[in-house]
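Chemist: I have a structure I would like to understand better, so I am pasting it below and will then ask my questions one at a time.
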Amino acid sequence: MTSLAHRFARFCALIAALVALAIAAPTQADDVAAAGRGVVRVVTVAIVNGEVVGFGHGSGFAISPTRIVTNAHVVESAVKYPQNVALGVVPSEGKKSYEARLVAIDTKRDLALIEMVEGHIPVTAIYTGPFEPGEEVTALGYPGNVDAAAAVDAADYITPRTPVRSNGNLSNQQVINGIAAMVHTASIARGNSGGPLVDECGRVVGVNTFITRADDGDSPFAFAISNRELTRFLGESNQKYTAISSACLTMAEASSRDSARMTTEQRIAAAARDKRDADAAAKRSAALEQAHAANETSRENRMALALALFVFGALALGAAGLFTTKSRERDAKIAGGVGGVLMLAALIVFLTRPSPSDIAVPDIARDGSGSGTTSLAATGKQLCTIAPERSRITVSPTDDVALEFDDAGCVNGRTQYALGSDGRWSRVLVPNEEATVSVLSFDPVDATYRNQRYLLDAETMARARELRANVSTKQCTADPAAVQALGVQQDAILAMLPADPNERLVYDCRKAR
């Protein structure tokens, strides 16, 4: 009784959390805000004889969980006076700032790579596809004029804070002193140096560096080092990074393409099923005709045999009577015995002849394999390849995914998925380190694997991790009640997520060799 009461109380708490989180769930994902969580303030502190004698700051963004890209001129004092100038990184979230060290610098490109000695930051992705004049851009960073207006004391400069964002458009691309640069209209100021210029999907398209002067009423323009220079710098520094070349689609566009593709595939699949059904019906009809013919032939052969045995038996019995009249008792017994056996055999053969209804109905599968049963289309080992035309890709790599799926929702022999009302099996993953909730799903009917990624702030991730603690089913199980409970527990996490994910990665799967 105690166990039952405990389960009921836990269920009620889960439902209450689901309702509360559903009310408080954000309405939509913000890709630029997600990118902002990978933006940091880069600070330099000059110390002489134990006293702070100088302070400077700029912006930067994470290219790995611990490494930051910024401008070379932001950290140049640390390069000139390494014994007296300390480097620091102030994240956009959390409660701590971190010491950093210089990894690489390119003064011609005005780029530098620094590394935090502890902690980690959400990683930004670099957009490497075509980017045309007129496209929308957003500058992220820590402009000094905002700091001057909002900061109360020096401590505010080392306190984690959300970066300032300003919107504009790409004007054109130019080469300045041999370096490819982007001219744009997003407002930046001193302090934005080293911060990212991002597209509508939050992918880095450039590194903000300087602005033109607005003399005599001229409109100011900003300059950002292009990704062509950035990726070369990272390559020369042996620094890995996430590169995305897919166009920035809205979720509505991606969903429309996915639905259109699914509709087309469904029509093709329906036509293929109709053809298989027609082929199977034709084969079954032909097999029935053959079975009827074989049955009729067998009946006729058995009746002919029975008649022959009857005739020979009658002749043998007649011979036995003749031998009796001639007092040949021994011959009469032999002939009579043979006649009796033949007559009995004739009766047995006649009675065991096939009847017209004794026809085996052929078991023809739609694929013509001879098996009347069909299993899920995509069980076993699968190799899944990204379908970019159906996906919205913002920050994630799109390598092939290998998975093994069985009809009980067990993936790769260790992770249990829950069956949804749409026929898809799904699992919600809430990692400890990465600030991302992933909703993985697999549809065994059309062999489609999906990864919907939500890039969340620290507070929302903390709530998601609290709810994850309620998920009791960690590994594969054959218990239907446990699988159903997994679905209910996952619903509580799903209720707190935005209506749309930041990314939707759609993969087409096929049988792995």
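Ligands are numbered from 1 in the order shown, residues from 1 within each chain, and chains are lettered A, B, ... in the order they appear in the structure tokens.
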When you look at range 28-44 of chain A with a cut-off of 6 Å (counting only C-alpha atoms), what residues show up, excluding the ones that are within fewer than 5 positions of it in the same chain? I need them as a list in words.

Modeler: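 The residues satisfying every condition are Phe55, Gly56, His57, Gly58, Ser59, Gly60, Phe61, Ala62, Ala86, Leu87, Gly88, Val89, Val90, Pro91, Ser92, Ile121, Pro122, Val123, Thr124, Cys201, Gly202, Leu455, Pro498, Ala499, Asp500, Pro501 and Asn502 of chain A.
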
Chemist: Write out as a PyMOL selection string each polymer residue whose atoms come within 12 Å of Arg465 in chain A, counting only C-alpha atoms; drop sequence neighbours fewer than 2 positions from it.

Modeler: chain A and resi 428-437+456+458-463+467-471+490+492-493+496

Chemist: Output the selection as a short mmCIF file (atom, residue, chain, number, x, y, z; two decimals), in the first residue's frame - N, CA and C atoms for each residue.

Modeler:
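That gives us part-v7.cif:
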data_model
loop_
_atom_site.label_atom_id
_atom_site.label_comp_id
_atom_site.auth_asym_id
_atom_site.auth_seq_id
_atom_site.Cartn_x
_atom_site.Cartn_y
_atom_site.Cartn_z
N VAL A 428 14.20 11.72 -25.02
CA VAL A 428 14.65 13.07 -24.69
C VAL A 428 15.96 12.96 -23.93
N LEU A 429 17.00 13.63 -24.46
CA LEU A 429 18.32 13.59 -23.83
C LEU A 429 18.62 14.95 -23.20
N VAL A 430 18.99 14.92 -21.93
CA VAL A 430 19.35 16.14 -21.20
C VAL A 430 20.75 15.93 -20.63
N PRO A 431 21.80 16.40 -21.32
CA PRO A 431 23.17 16.15 -20.86
C PRO A 431 23.54 17.01 -19.66
N ASN A 432 24.59 16.59 -18.96
CA ASN A 432 25.05 17.34 -17.79
C ASN A 432 25.85 18.58 -18.17
N GLU A 433 26.65 18.49 -19.23
CA GLU A 433 27.57 19.57 -19.57
C GLU A 433 27.00 20.49 -20.64
N GLU A 434 26.55 19.94 -21.73
CA GLU A 434 26.09 20.75 -22.85
C GLU A 434 24.75 21.41 -22.53
N ALA A 435 24.60 22.67 -22.92
CA ALA A 435 23.35 23.42 -22.66
C ALA A 435 22.36 23.19 -23.79
N THR A 436 22.03 21.93 -24.02
CA THR A 436 21.15 21.55 -25.13
C THR A 436 20.28 20.37 -24.72
N VAL A 437 18.99 20.46 -25.01
CA VAL A 437 18.10 19.31 -24.87
C VAL A 437 17.83 18.78 -26.28
N LEU A 456 19.36 26.03 -24.89
CA LEU A 456 18.66 26.66 -23.77
C LEU A 456 19.60 27.44 -22.87
N ALA A 458 20.95 28.76 -19.05
CA ALA A 458 21.38 27.97 -17.89
C ALA A 458 20.22 27.65 -16.95
N GLU A 459 19.33 28.61 -16.75
CA GLU A 459 18.20 28.39 -15.82
C GLU A 459 17.26 27.30 -16.36
N THR A 460 16.94 27.37 -17.64
CA THR A 460 16.05 26.37 -18.23
C THR A 460 16.71 24.99 -18.22
N MET A 461 18.01 24.94 -18.48
CA MET A 461 18.72 23.66 -18.44
C MET A 461 18.69 23.07 -17.03
N ALA A 462 18.81 23.91 -16.03
CA ALA A 462 18.76 23.42 -14.64
C ALA A 462 17.41 22.77 -14.35
N ARG A 463 16.32 23.41 -14.83
CA ARG A 463 14.99 22.82 -14.62
C ARG A 463 14.86 21.50 -15.39
N LEU A 467 13.98 17.65 -13.89
CA LEU A 467 12.94 16.75 -14.38
C LEU A 467 13.53 15.44 -14.90
N ARG A 468 14.73 15.51 -15.45
CA ARG A 468 15.38 14.29 -15.93
C ARG A 468 15.59 13.29 -14.79
N ALA A 469 15.77 13.79 -13.58
CA ALA A 469 15.97 12.91 -12.44
C ALA A 469 14.77 12.01 -12.19
N ASN A 470 13.58 12.42 -12.69
CA ASN A 470 12.37 11.60 -12.52
C ASN A 470 12.29 10.44 -13.51
N VAL A 471 13.14 10.47 -14.55
CA VAL A 471 13.09 9.41 -15.56
C VAL A 471 13.74 8.16 -14.99
N GLN A 490 8.88 11.81 -19.96
CA GLN A 490 9.47 12.67 -20.99
C GLN A 490 8.55 13.83 -21.35
N ALA A 492 6.90 15.64 -19.40
CA ALA A 492 7.12 16.75 -18.48
C ALA A 492 8.28 17.62 -18.95
N ILE A 493 9.30 17.00 -19.54
CA ILE A 493 10.44 17.77 -20.07
C ILE A 493 10.02 18.50 -21.33
N MET A 496 8.25 21.97 -21.08
CA MET A 496 8.97 23.18 -20.72
C MET A 496 9.80 23.74 -21.88
#

Chemist: Counting only C-alpha atoms, which residues of range 19-101 of chain A fall within 9 Å of range 239-256 of chain A, and what is the closest atom pair for each with its distance in Å at one decimal, ordered by chain and rising number, as a tab-separated table?

Modeler:
residue	atom	partner	partner_atom	distance
A:Ile63	CA	A:Tyr241	CA	5.9
A:Ser64	CA	A:Tyr241	CA	6.8
A:Arg67	CA	A:Gln239	CA	9.0

Chemist: Would you list, as a CSV table (one decimal) with C-alpha atoms, in the first residue's frame, the residues of range 368-480 of chain A that end up in strand (DSSP E) under DSSP run on this structure's backbone?

Modeler:
chain,number,residue,atom,x,y,z
A,380,GLY,CA,18.1,-3.9,-37.3
A,381,LYS,CA,21.2,-1.9,-38.2
A,382,GLN,CA,20.6,1.3,-40.0
A,383,LEU,CA,22.9,4.0,-41.5
A,384,CYS,CA,21.2,7.4,-41.5
A,385,THR,CA,22.3,10.3,-43.7
A,386,ILE,CA,21.3,13.9,-43.3
A,401,VAL,CA,24.4,8.3,-37.7
A,402,ALA,CA,24.6,4.6,-37.2
A,403,LEU,CA,21.9,3.0,-35.1
A,404,GLU,CA,20.4,-0.4,-34.5
A,405,PHE,CA,16.6,-0.4,-33.8
A,410,CYS,CA,15.5,-0.4,-28.0
A,411,VAL,CA,18.2,1.6,-29.8
A,415,THR,CA,18.8,3.2,-24.9
A,416,GLN,CA,15.0,2.7,-24.5
A,418,ALA,CA,9.0,5.6,-25.9
A,419,LEU,CA,6.3,5.1,-28.5
A,425,TRP,CA,9.7,6.2,-31.1
A,426,SER,CA,11.4,9.0,-29.2
A,427,ARG,CA,13.9,9.7,-26.4
A,428,VAL,CA,14.6,13.1,-24.7
A,429,LEU,CA,18.3,13.6,-23.8
A,436,THR,CA,21.1,21.6,-25.1
A,437,VAL,CA,18.1,19.3,-24.9
A,438,SER,CA,17.8,16.9,-27.8
A,439,VAL,CA,14.6,15.1,-28.7
A,440,LEU,CA,15.6,12.1,-30.8
A,441,SER,CA,13.0,10.2,-32.7
A,442,PHE,CA,12.9,7.3,-35.1
A,443,ASP,CA,10.0,6.3,-37.5
A,448,THR,CA,13.4,8.5,-40.8
A,449,TYR,CA,15.6,9.6,-37.8
A,450,ARG,CA,15.1,13.1,-36.4
A,451,ASN,CA,17.2,15.1,-33.9
A,452,GLN,CA,15.4,18.2,-32.6
A,453,ARG,CA,17.8,20.4,-30.6
A,454,TYR,CA,16.8,23.1,-28.2
A,455,LEU,CA,19.7,25.5,-27.2

Chemist: Report the distance between CA of Gly195 in chain A and CA of Val52 in chain A in Å, rounded to one decimal place.

Modeler: 25.3 Å
